[in-house]
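Visitor: My structure is stored as target00.pdb, with PDB, C-alpha atoms and all ligand atoms.
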```pdb
ATOM      1  CA  MET M   1       5.388  29.662 -28.178
ATOM      2  CA  ALA M   2       2.035  30.344 -26.525
ATOM      3  CA  ASN M   3       1.389  28.878 -23.095
ATOM      4  CA  GLY M   4      -0.151  25.432 -23.283
ATOM      5  CA  SER M   5       0.698  24.878 -26.932
ATOM      6  CA  ARG M   6       3.247  22.284 -25.957
ATOM      7  CA  MET M   7       1.504  19.022 -25.122
ATOM      8  CA  ALA M   8       2.958  17.461 -21.991
ATOM      9  CA  LYS M   9       3.780  13.828 -22.725
ATOM     10  CA  GLU M  10       3.990  11.216 -20.038
ATOM     11  CA  VAL M  11       7.317   9.447 -20.186
ATOM     12  CA  THR M  12       7.441   5.818 -19.117
ATOM     13  CA  ALA M  13      10.837   4.298 -18.413
ATOM     14  CA  ILE M  14      11.602   0.623 -18.054
ATOM     15  CA  TYR M  15      14.270  -0.516 -15.627
ATOM     16  CA  PRO M  16      14.948  -4.149 -16.623
ATOM     17  CA  GLY M  17      17.063  -6.713 -14.860
ATOM     18  CA  SER M  18      17.312 -10.053 -13.180
ATOM     19  CA  PHE M  19      17.231  -8.579  -9.666
ATOM     20  CA  ASP M  20      18.465 -11.811  -8.068
ATOM     21  CA  PRO M  21      18.132 -10.170  -5.564
ATOM     22  CA  VAL M  22      17.509  -6.402  -5.675
ATOM     23  CA  THR M  23      20.299  -4.433  -3.968
ATOM     24  CA  ASN M  24      20.495  -0.937  -2.516
ATOM     25  CA  GLY M  25      22.367   0.033  -5.689
ATOM     26  CA  HIS M  26      19.310  -0.893  -7.788
ATOM     27  CA  LEU M  27      17.081   0.990  -5.348
ATOM     28  CA  ASP M  28      19.286   4.057  -5.624
ATOM     29  CA  ILE M  29      18.756   4.068  -9.405
ATOM     30  CA  MET M  30      15.001   3.572  -8.927
ATOM     31  CA  LYS M  31      14.804   6.493  -6.496
ATOM     32  CA  ARG M  32      16.664   8.790  -8.907
ATOM     33  CA  SER M  33      14.565   7.670 -11.883
ATOM     34  CA  SER M  34      11.291   8.060 -10.003
ATOM     35  CA  SER M  35      11.949  11.791  -9.672
ATOM     36  CA  ILE M  36      12.722  12.187 -13.385
ATOM     37  CA  PHE M  37      10.159  10.005 -15.187
ATOM     38  CA  ASP M  38       6.379   9.972 -14.876
ATOM     39  CA  ARG M  39       6.227   6.216 -14.600
ATOM     40  CA  VAL M  40       8.942   3.642 -13.999
ATOM     41  CA  ILE M  41       8.349  -0.046 -14.631
ATOM     42  CA  VAL M  42      10.840  -2.325 -12.925
ATOM     43  CA  ALA M  43      10.775  -5.309 -15.288
ATOM     44  CA  VAL M  44      12.077  -8.609 -13.965
ATOM     45  CA  LEU M  45      13.404 -11.051 -16.551
ATOM     46  CA  LEU M  46      11.769 -14.460 -16.365
ATOM     47  CA  ASN M  47      14.291 -16.627 -18.160
ATOM     48  CA  LEU M  48      17.841 -16.138 -16.998
ATOM     49  CA  ASP M  49      20.858 -17.825 -18.598
ATOM     50  CA  LYS M  50      22.056 -18.933 -15.212
ATOM     51  CA  GLU M  51      19.877 -20.561 -12.571
ATOM     52  CA  PRO M  52      18.683 -17.785 -10.263
ATOM     53  CA  LEU M  53      18.805 -18.115  -6.495
ATOM     54  CA  PHE M  54      15.297 -16.707  -6.137
ATOM     55  CA  THR M  55      12.197 -17.657  -8.113
ATOM     56  CA  LEU M  56      10.488 -15.042 -10.241
ATOM     57  CA  ASP M  57       7.766 -14.664  -7.599
ATOM     58  CA  GLU M  58      10.310 -14.155  -4.831
ATOM     59  CA  ARG M  59      12.212 -11.541  -6.836
ATOM     60  CA  VAL M  60       8.965  -9.698  -7.560
ATOM     61  CA  GLN M  61       7.826  -9.860  -3.921
ATOM     62  CA  MET M  62      11.129  -8.396  -2.693
ATOM     63  CA  LEU M  63      10.930  -5.614  -5.294
ATOM     64  CA  GLU M  64       7.317  -4.794  -4.488
ATOM     65  CA  GLU M  65       8.120  -4.490  -0.811
ATOM     66  CA  ALA M  66      11.283  -2.452  -1.418
ATOM     67  CA  THR M  67       9.583   0.012  -3.819
ATOM     68  CA  ARG M  68       6.321   0.372  -1.874
ATOM     69  CA  SER M  69       6.952   4.025  -0.985
ATOM     70  CA  TRP M  70       7.258   5.246  -4.606
ATOM     71  CA  ASP M  71       3.862   5.822  -6.214
ATOM     72  CA  ASN M  72       5.126   5.990  -9.796
ATOM     73  CA  ILE M  73       7.165   2.781  -9.669
ATOM     74  CA  GLU M  74       5.559  -0.523 -10.549
ATOM     75  CA  VAL M  75       6.995  -4.021 -10.732
ATOM     76  CA  ASP M  76       6.284  -6.378 -13.612
ATOM     77  CA  THR M  77       7.838  -9.408 -15.298
ATOM     78  CA  PHE M  78       8.821 -10.006 -18.889
ATOM     79  CA  ASP M  79      10.167 -12.682 -21.174
ATOM     80  CA  GLY M  80      11.552 -12.468 -24.688
ATOM     81  CA  LEU M  81      12.921  -9.301 -26.222
ATOM     82  CA  LEU M  82      13.068  -6.276 -23.955
ATOM     83  CA  VAL M  83      12.271  -3.881 -26.810
ATOM     84  CA  ASN M  84       9.034  -5.759 -27.537
ATOM     85  CA  TYR M  85       8.050  -5.413 -23.903
ATOM     86  CA  ALA M  86       8.923  -1.697 -24.033
ATOM     87  CA  VAL M  87       6.767  -1.141 -27.131
ATOM     88  CA  LYS M  88       3.856  -3.029 -25.565
ATOM     89  CA  ASN M  89       4.051  -0.719 -22.541
ATOM     90  CA  ARG M  90       4.539   2.461 -24.562
ATOM     91  CA  ALA M  91       7.883   3.089 -22.877
ATOM     92  CA  ARG M  92      10.258   5.499 -24.588
ATOM     93  CA  VAL M  93      13.173   4.874 -22.270
ATOM     94  CA  ILE M  94      15.182   1.878 -21.097
ATOM     95  CA  LEU M  95      17.167   2.594 -17.963
ATOM     96  CA  ARG M  96      20.397   0.866 -17.086
ATOM     97  CA  GLY M  97      22.713   1.494 -14.165
ATOM     98  CA  ILE M  98      26.413   1.869 -14.892
ATOM     99  CA  ARG M  99      28.688   1.353 -11.914
ATOM    100  CA  ALA M 100      32.133   1.432 -13.470
ATOM    101  CA  VAL M 101      33.824   1.531 -16.872
ATOM    102  CA  THR M 102      33.782  -2.272 -16.899
ATOM    103  CA  ASP M 103      29.985  -2.226 -17.176
ATOM    104  CA  TYR M 104      30.059   0.111 -20.134
ATOM    105  CA  GLU M 105      31.176  -2.128 -22.981
ATOM    106  CA  PHE M 106      28.430  -4.720 -22.581
ATOM    107  CA  GLU M 107      25.819  -2.077 -21.794
ATOM    108  CA  LEU M 108      26.779  -0.158 -24.933
ATOM    109  CA  GLN M 109      26.388  -3.324 -27.039
ATOM    110  CA  MET M 110      22.951  -3.990 -25.590
ATOM    111  CA  ALA M 111      21.852  -0.372 -25.991
ATOM    112  CA  LEU M 112      22.943  -0.240 -29.625
ATOM    113  CA  MET M 113      21.363  -3.614 -30.421
ATOM    114  CA  ASN M 114      18.121  -2.456 -28.804
ATOM    115  CA  ARG M 115      18.307   0.782 -30.810
ATOM    116  CA  THR M 116      18.823  -1.195 -34.028
ATOM    117  CA  MET M 117      15.635  -3.107 -33.300
ATOM    118  CA  GLN M 118      13.643  -0.118 -32.002
ATOM    119  CA  PRO M 119      15.130   3.262 -33.003
ATOM    120  CA  ASP M 120      12.464   5.198 -31.082
ATOM    121  CA  ILE M 121      13.429   3.760 -27.726
ATOM    122  CA  GLU M 122      16.274   5.519 -25.955
ATOM    123  CA  THR M 123      18.582   3.795 -23.460
ATOM    124  CA  ILE M 124      19.597   6.084 -20.618
ATOM    125  CA  PHE M 125      22.499   5.163 -18.358
ATOM    126  CA  MET M 126      22.358   6.286 -14.759
ATOM    127  CA  MET M 127      25.065   6.139 -12.104
ATOM    128  CA  PRO M 128      24.205   4.959  -8.623
ATOM    129  CA  SER M 129      25.651   6.749  -5.609
ATOM    130  CA  GLY M 130      29.394   6.172  -5.273
ATOM    131  CA  ASP M 131      28.560   4.262  -2.072
ATOM    132  CA  TYR M 132      27.167   1.448  -4.223
ATOM    133  CA  SER M 133      29.568   1.550  -7.161
ATOM    134  CA  TYR M 134      31.088  -1.807  -6.179
ATOM    135  CA  LEU M 135      27.813  -3.531  -5.329
ATOM    136  CA  SER M 136      26.210  -6.358  -7.314
ATOM    137  CA  SER M 137      23.633  -9.067  -6.642
ATOM    138  CA  SER M 138      26.352 -11.651  -7.247
ATOM    139  CA  LEU M 139      28.660 -10.188  -4.615
ATOM    140  CA  VAL M 140      25.794  -9.955  -2.133
ATOM    141  CA  LYS M 141      25.098 -13.688  -2.607
ATOM    142  CA  GLU M 142      28.786 -14.557  -2.315
ATOM    143  CA  VAL M 143      29.335 -12.530   0.858
ATOM    144  CA  PHE M 144      26.159 -13.918   2.410
ATOM    145  CA  SER M 145      27.000 -17.519   1.461
ATOM    146  CA  LEU M 146      30.395 -17.198   3.106
ATOM    147  CA  GLY M 147      28.940 -15.851   6.352
ATOM    148  CA  GLY M 148      29.550 -12.117   5.827
ATOM    149  CA  SER M 149      27.059  -9.382   6.660
ATOM    150  CA  VAL M 150      25.049  -7.781   3.863
ATOM    151  CA  ASN M 151      23.430  -5.280   6.194
ATOM    152  CA  GLY M 152      23.194  -1.879   4.495
ATOM    153  CA  LEU M 153      23.786  -3.418   1.057
ATOM    154  CA  VAL M 154      20.279  -4.731   0.465
ATOM    155  CA  PRO M 155      16.818  -3.776   1.741
ATOM    156  CA  THR M 156      15.703  -5.535   4.949
ATOM    157  CA  ILE M 157      13.243  -7.713   3.047
ATOM    158  CA  VAL M 158      16.122  -9.169   1.015
ATOM    159  CA  GLU M 159      18.066 -10.008   4.181
ATOM    160  CA  THR M 160      14.990 -11.922   5.360
ATOM    161  CA  TYR M 161      14.674 -13.800   2.048
ATOM    162  CA  LEU M 162      18.410 -14.577   2.036
ATOM    163  CA  GLU M 163      18.096 -16.080   5.530
ATOM    164  CA  GLY M 164      15.186 -18.177   4.280
ATOM    165  CA  ALA M 165      17.232 -19.377   1.309
ATOM    166  CA  ARG M 166      20.431 -20.025   3.275
ATOM    167  CA  GLU M 167      20.624 -23.690   2.231
ATOM    168  CA  ARG M 168      20.221 -22.747  -1.422
ATOM    169  CA  VAL M 169      22.879 -19.998  -1.448
ATOM    170  CA  ARG M 170      26.101 -21.488  -2.664
ATOM    171  CA  PRO M 171      29.302 -19.621  -3.543
ATOM    172  CA  SER M 172      29.186 -21.258  -7.000
ATOM    173  CA  GLN M 173      26.119 -19.151  -7.789
ATOM    174  CA  SER M 174      28.165 -16.031  -7.252
ATOM    175  CA  GLU M 175      30.985 -16.445  -9.729
ATOM    176  CA  SER M 176      29.950 -13.850 -12.277
ATOM    177  CA  PRO M 177      30.772 -10.258 -11.334
ATOM    178  CA  SER M 178      27.856  -8.960 -13.384
ATOM    179  CA  GLY M 179      24.300  -8.517 -12.171
TER     180      GLY M 179
HETATM  181  O1  LIG M 201      20.301  -7.487 -14.439
HETATM  182  P1  LIG M 201      20.852  -7.999 -15.722
HETATM  183  O2  LIG M 201      20.972  -9.492 -15.672
HETATM  184  O3  LIG M 201      22.144  -7.323 -16.089
HETATM  185  O4  LIG M 201      19.769  -7.632 -16.883
HETATM  186  C1  LIG M 201      19.999  -8.004 -18.215
HETATM  187  C2  LIG M 201      18.752  -7.731 -19.080
HETATM  188  C3  LIG M 201      17.533  -8.373 -18.460
HETATM  189  C4  LIG M 201      18.531  -6.254 -19.192
HETATM  190  C5  LIG M 201      19.025  -8.314 -20.498
HETATM  191  O5  LIG M 201      19.473  -9.638 -20.388
HETATM  192  C6  LIG M 201      17.799  -8.292 -21.401
HETATM  193  O6  LIG M 201      17.352  -7.254 -21.837
HETATM  194  N1  LIG M 201      17.222  -9.493 -21.651
HETATM  195  C7  LIG M 201      16.016  -9.641 -22.455
HETATM  196  C8  LIG M 201      16.291 -10.302 -23.800
HETATM  197  C9  LIG M 201      16.741  -9.276 -24.821
HETATM  198  O7  LIG M 201      16.042  -8.342 -25.149
HETATM  199  N2  LIG M 201      17.972  -9.494 -25.341
HETATM  200  C10 LIG M 201      18.584  -8.610 -26.286
HETATM  201  C11 LIG M 201      19.372  -7.517 -25.563
HETATM  202  S1  LIG M 201      20.299  -6.583 -26.692
END
```
Go through the file and emit its structure as C-alpha cells.

Guide:
Amino acid sequence: MANGSRMAKEVTAIYPGSFDPVTNGHLDIMKRSSSIFDRVIVAVLLNLDKEPLFTLDERVQMLEEATRSWDNIEVDTFDGLLVNYAVKNRARVILRGIRAVTDYEFELQMALMNRTMQPDIETIFMMPSGDYSYLSSSLVKEVFSLGGSVNGLVPTIVETYLEGARERVRPSQSESPSG
C-alpha cells in the first residue's frame, strides 16, 4: 500500500462511570487510555440508582482537577443511554476497567447489551495496575467514614472534598462493592 493511502482516523473513547468519587484506580485507567486513544471523554452519569455522596458538579470538579495534566482527556456528563451519548460524540470505543473476575460478568452483560444496540461501538476492557485491583469508590467512602486513611488511594483533591463532606459520608452509602 502506498504511503499516505491509509487515512488516519481519530479514535475517541468514552470512559463512563459514576465516579463517586474518582479513585487512583480510575486515574490509572485514564492515564493508560490517554496514551492509546486520540481523545478520551470521561463521562459522568447524572442519574444514579443509589444516592451519590457527591453532586454531579462536585464529581466533575474533582475529575477536572485530577485530569488537568492530560491534554486529550476531557470531562463531560451524560444521562440516558450510554450508546446514544457515544454516537452523539462520534466515539467508537467504550472503555471499562476490570479489576477482578467478579467485575467481568456484569461488565460482559453491559458490553453485549451496548453492542446489541450499537454494533459499531466496541467496548474495550482495561486492567488497572495491580496496586489498585482491590480499590473502589465504595470502599474509599467506607474506609473514610470509619476514620481510616485514604491517602494514596485517591487524588489529593478528593481527600479535600471528602473532608468537606465528612458529615454526609455514612457507612450505609458504602455497602455495594461495585463502583
Ligand atoms: O461507575 P459505574 O457506576 O460502574 O458506571 C456504570 C455506567 C455509568 C457505565 C452504566 O450504569 C451506564 O452505562 N449507565 C447509562 C445507562 C445505560 O446506557 N444503560 C444500559 C447499559 S447496558

Visitor: Could you tell me, as a list of chain:residue names, which residues have any atom at most 12 Å from (10.8, 4.6, 0.2), counting only C-alpha atoms?

Guide: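 The distance filter leaves exactly M:Asn24, M:Leu27, M:Asp28, M:Met30, M:Lys31, M:Arg32, M:Ser34, M:Leu63, M:Glu64, M:Glu65, M:Ala66, M:Thr67, M:Arg68, M:Ser69, M:Trp70, M:Asp71, M:Asn72, M:Ile73, M:Pro155.
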
Visitor: Neighbouring residues of stretch 136-146 of chain M were defined as those with any atom within 12 Å, considering only C-alpha atoms; residues of the same chain fewer than 2 positions away were excluded. Please report them as a VMD selection string.

Guide: chain M and resid 17 to 27 50 52 to 54 59 97 to 100 103 128 132 to 134 148 to 155 158 to 179

Visitor: List all protein, DNA and RNA residues that have any atom at most 7 Å from ligand LIG 201 (chain M), counting all atoms listed in the file, and write the list as a PDB file with C-alpha atoms, in the coordinates of the input.

Guide:
```
ATOM      1  CA  PRO M  16      14.948  -4.149 -16.623  1.00  0.00           C
ATOM      2  CA  GLY M  17      17.063  -6.713 -14.860  1.00  0.00           C
ATOM      3  CA  SER M  18      17.312 -10.053 -13.180  1.00  0.00           C
ATOM      4  CA  PHE M  19      17.231  -8.579  -9.666  1.00  0.00           C
ATOM      5  CA  LEU M  45      13.404 -11.051 -16.551  1.00  0.00           C
ATOM      6  CA  ASP M  79      10.167 -12.682 -21.174  1.00  0.00           C
ATOM      7  CA  GLY M  80      11.552 -12.468 -24.688  1.00  0.00           C
ATOM      8  CA  LEU M  81      12.921  -9.301 -26.222  1.00  0.00           C
ATOM      9  CA  LEU M  82      13.068  -6.276 -23.955  1.00  0.00           C
ATOM     10  CA  VAL M  83      12.271  -3.881 -26.810  1.00  0.00           C
ATOM     11  CA  GLN M 109      26.388  -3.324 -27.039  1.00  0.00           C
ATOM     12  CA  MET M 110      22.951  -3.990 -25.590  1.00  0.00           C
ATOM     13  CA  ALA M 111      21.852  -0.372 -25.991  1.00  0.00           C
ATOM     14  CA  MET M 113      21.363  -3.614 -30.421  1.00  0.00           C
ATOM     15  CA  ASN M 114      18.121  -2.456 -28.804  1.00  0.00           C
ATOM     16  CA  SER M 178      27.856  -8.960 -13.384  1.00  0.00           C
ATOM     17  CA  GLY M 179      24.300  -8.517 -12.171  1.00  0.00           C
TER      18      GLY M 179
END
```

Visitor: Select all residues near (20.0, 1.9, -14.1) (cut-off 7 Å, inclusive, file coordinates), counting all atoms listed in the file, and output them as an MDAnalysis selection string.

Guide: chainID M and resid 15 26 29 95:98 125:127

Visitor: I need the residues from that last selection saved to file as a short mmCIF file (atom, residue, chain, number, x, y, z; two decimals), keeping the file's coordinate frame (with C-alpha atoms), if you can.

Guide:
```
data_model
loop_
_atom_site.label_atom_id
_atom_site.label_comp_id
_atom_site.auth_asym_id
_atom_site.auth_seq_id
_atom_site.Cartn_x
_atom_site.Cartn_y
_atom_site.Cartn_z
CA TYR M 15 14.27 -0.52 -15.63
CA HIS M 26 19.31 -0.89 -7.79
CA ILE M 29 18.76 4.07 -9.40
CA LEU M 95 17.17 2.59 -17.96
CA ARG M 96 20.40 0.87 -17.09
CA GLY M 97 22.71 1.49 -14.16
CA ILE M 98 26.41 1.87 -14.89
CA PHE M 125 22.50 5.16 -18.36
CA MET M 126 22.36 6.29 -14.76
CA MET M 127 25.06 6.14 -12.10
#
```

Visitor: Written as a ChimeraX atom specification, what is the full residue list that the PyMOL selection byres (((chain M and resi 87) around 12) and not hetatm) yields on the file shown?

Guide: /M:12-14,81-86,88-94,114,117-122

Visitor: Now that the selection is made, can you save its residues with C-alpha atoms as a short mmCIF file (atom, residue, chain, number, x, y, z; two decimals), in the frame of the given file?

Guide:
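Contents of the output file again-v5.cif:
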```cif
data_model
loop_
_atom_site.label_atom_id
_atom_site.label_comp_id
_atom_site.auth_asym_id
_atom_site.auth_seq_id
_atom_site.Cartn_x
_atom_site.Cartn_y
_atom_site.Cartn_z
CA THR M 12 7.44 5.82 -19.12
CA ALA M 13 10.84 4.30 -18.41
CA ILE M 14 11.60 0.62 -18.05
CA LEU M 81 12.92 -9.30 -26.22
CA LEU M 82 13.07 -6.28 -23.96
CA VAL M 83 12.27 -3.88 -26.81
CA ASN M 84 9.03 -5.76 -27.54
CA TYR M 85 8.05 -5.41 -23.90
CA ALA M 86 8.92 -1.70 -24.03
CA LYS M 88 3.86 -3.03 -25.56
CA ASN M 89 4.05 -0.72 -22.54
CA ARG M 90 4.54 2.46 -24.56
CA ALA M 91 7.88 3.09 -22.88
CA ARG M 92 10.26 5.50 -24.59
CA VAL M 93 13.17 4.87 -22.27
CA ILE M 94 15.18 1.88 -21.10
CA ASN M 114 18.12 -2.46 -28.80
CA MET M 117 15.64 -3.11 -33.30
CA GLN M 118 13.64 -0.12 -32.00
CA PRO M 119 15.13 3.26 -33.00
CA ASP M 120 12.46 5.20 -31.08
CA ILE M 121 13.43 3.76 -27.73
CA GLU M 122 16.27 5.52 -25.96
#
```

Visitor: Could you tell me how far atom CA of M:Lys9 lies from atom CA of M:Phe37, in Å and to one decimal?

Guide: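 Value for the atom CA of M:Lys9-atom CA of M:Phe37 distance: 10.6 Å.
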
Visitor: At what distance in Å, to one decimal, does atom CA of M:Thr116 lie from atom CA of M:Arg39?

Guide: 24.3 Å

Visitor: Please compute the atom CA of M:Leu46-atom CA of M:Val75 distance, one decimal, in Å.

Guide: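 Calculated distance between atom CA of M:Leu46 and atom CA of M:Val75 is 12.8 Å.
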
Visitor: Under the rule that all atoms listed in the file are counted, which of M:Val101, M:Val44, M:Leu56, M:Asp38 is the nearest residue to M:Phe78?

Guide: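 Of all the options, M:Val44 lies closest to M:Phe78.
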
Visitor: Might I get the box with edges along x, y and z of the file that holds all atoms of stretch 15-30 of chain M listed there, padded by 8 Å on every side, given as centre and edge lengths in Å to one decimal, as lines of an AutoDock Vina configuration file?

Guide:
```
center_x = 18.3
center_y = -3.9
center_z = -9.6
size_x = 24.1
size_y = 31.9
size_z = 30.1
```

Visitor: Nearest to M:Ile41: which of M:Val11, M:Ile157, M:Met62, M:Ile124 is it, counting all atoms listed in the file?

Guide: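 Between M:Val11, M:Ile157, M:Met62, M:Ile124, the residue approaching M:Ile41 most closely is M:Val11.
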
Visitor: From the set M:Thr77, M:Val42, M:Ser33, M:Leu112, which residue has the shortest atom-to-atom contact distance to M:Thr55, counting all atoms listed in the file?

Guide: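 So, comparing all the options, the nearest one is M:Thr77.
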
Visitor: Taking the block above, write stretch 80-107 of chain M with N, CA and C atoms as an mmCIF file, in the first residue's frame.

Guide:
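Final output, saved to result.cif:
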```cif
data_model
loop_
_atom_site.group_PDB
_atom_site.id
_atom_site.type_symbol
_atom_site.label_atom_id
_atom_site.label_comp_id
_atom_site.auth_asym_id
_atom_site.auth_seq_id
_atom_site.Cartn_x
_atom_site.Cartn_y
_atom_site.Cartn_z
ATOM 1 N N GLY M 80 -29.283 9.141 30.392
ATOM 2 C CA GLY M 80 -29.889 8.274 29.383
ATOM 3 C C GLY M 80 -28.922 7.195 28.939
ATOM 4 N N LEU M 81 -29.159 6.678 27.734
ATOM 5 C CA LEU M 81 -28.363 5.544 27.267
ATOM 6 C C LEU M 81 -26.941 5.965 26.886
ATOM 7 N N LEU M 82 -25.988 5.185 27.381
ATOM 8 C CA LEU M 82 -24.585 5.481 27.091
ATOM 9 C C LEU M 82 -24.293 5.417 25.584
ATOM 10 N N VAL M 83 -24.888 4.429 24.905
ATOM 11 C CA VAL M 83 -24.601 4.298 23.468
ATOM 12 C C VAL M 83 -25.087 5.523 22.681
ATOM 13 N N ASN M 84 -26.184 6.120 23.127
ATOM 14 C CA ASN M 84 -26.664 7.335 22.441
ATOM 15 C C ASN M 84 -25.664 8.473 22.621
ATOM 16 N N TYR M 85 -25.138 8.561 23.831
ATOM 17 C CA TYR M 85 -24.130 9.587 24.114
ATOM 18 C C TYR M 85 -22.870 9.329 23.264
ATOM 19 N N ALA M 86 -22.512 8.057 23.136
ATOM 20 C CA ALA M 86 -21.312 7.708 22.349
ATOM 21 C C ALA M 86 -21.509 8.089 20.881
ATOM 22 N N VAL M 87 -22.677 7.795 20.336
ATOM 23 C CA VAL M 87 -22.962 8.128 18.935
ATOM 24 C C VAL M 87 -22.891 9.639 18.737
ATOM 25 N N LYS M 88 -23.516 10.367 19.662
ATOM 26 C CA LYS M 88 -23.556 11.834 19.569
ATOM 27 C C LYS M 88 -22.135 12.415 19.545
ATOM 28 N N ASN M 89 -21.220 11.751 20.237
ATOM 29 C CA ASN M 89 -19.843 12.250 20.317
ATOM 30 C C ASN M 89 -18.884 11.536 19.362
ATOM 31 N N ARG M 90 -19.448 10.803 18.425
ATOM 32 C CA ARG M 90 -18.661 10.075 17.434
ATOM 33 C C ARG M 90 -17.575 9.201 18.068
ATOM 34 N N ALA M 91 -17.914 8.579 19.180
ATOM 35 C CA ALA M 91 -16.943 7.703 19.850
ATOM 36 C C ALA M 91 -17.109 6.281 19.332
ATOM 37 N N ARG M 92 -15.997 5.632 19.043
ATOM 38 C CA ARG M 92 -16.065 4.249 18.556
ATOM 39 C C ARG M 92 -15.816 3.247 19.667
ATOM 40 N N VAL M 93 -15.351 3.773 20.810
ATOM 41 C CA VAL M 93 -14.930 2.871 21.882
ATOM 42 C C VAL M 93 -15.549 3.292 23.217
ATOM 43 N N ILE M 94 -16.006 2.288 23.959
ATOM 44 C CA ILE M 94 -16.390 2.485 25.362
ATOM 45 C C ILE M 94 -15.343 1.760 26.191
ATOM 46 N N LEU M 95 -14.784 2.451 27.144
ATOM 47 C CA LEU M 95 -13.747 1.860 27.988
ATOM 48 C C LEU M 95 -14.325 1.485 29.333
ATOM 49 N N ARG M 96 -13.969 0.294 29.806
ATOM 50 C CA ARG M 96 -14.362 -0.068 31.165
ATOM 51 C C ARG M 96 -13.169 -0.732 31.844
ATOM 52 N N GLY M 97 -12.982 -0.413 33.102
ATOM 53 C CA GLY M 97 -11.906 -1.042 33.869
ATOM 54 C C GLY M 97 -12.403 -2.335 34.484
ATOM 55 N N ILE M 98 -11.567 -3.367 34.406
ATOM 56 C CA ILE M 98 -11.903 -4.646 35.039
ATOM 57 C C ILE M 98 -10.835 -4.898 36.102
ATOM 58 N N ARG M 99 -11.274 -5.026 37.340
ATOM 59 C CA ARG M 99 -10.293 -5.230 38.413
ATOM 60 C C ARG M 99 -10.080 -6.712 38.690
ATOM 61 N N ALA M 100 -11.157 -7.448 38.737
ATOM 62 C CA ALA M 100 -11.058 -8.872 39.084
ATOM 63 C C ALA M 100 -12.147 -9.616 38.327
ATOM 64 N N VAL M 101 -12.092 -10.939 38.391
ATOM 65 C CA VAL M 101 -13.068 -11.767 37.664
ATOM 66 C C VAL M 101 -14.497 -11.387 38.051
ATOM 67 N N THR M 102 -14.671 -10.991 39.316
ATOM 68 C CA THR M 102 -16.013 -10.645 39.793
ATOM 69 C C THR M 102 -16.628 -9.490 39.013
ATOM 70 N N ASP M 103 -15.809 -8.599 38.485
ATOM 71 C CA ASP M 103 -16.337 -7.493 37.681
ATOM 72 C C ASP M 103 -16.841 -7.971 36.325
ATOM 73 N N TYR M 104 -16.286 -9.092 35.872
ATOM 74 C CA TYR M 104 -16.420 -9.455 34.462
ATOM 75 C C TYR M 104 -17.854 -9.756 34.031
ATOM 76 N N GLU M 105 -18.585 -10.483 34.879
ATOM 77 C CA GLU M 105 -19.902 -10.950 34.447
ATOM 78 C C GLU M 105 -20.836 -9.772 34.121
ATOM 79 N N PHE M 106 -20.895 -8.811 35.019
ATOM 80 C CA PHE M 106 -21.774 -7.667 34.807
ATOM 81 C C PHE M 106 -21.271 -6.816 33.642
ATOM 82 N N GLU M 107 -19.946 -6.657 33.584
ATOM 83 C CA GLU M 107 -19.365 -5.848 32.502
ATOM 84 C C GLU M 107 -19.638 -6.486 31.141
#
```
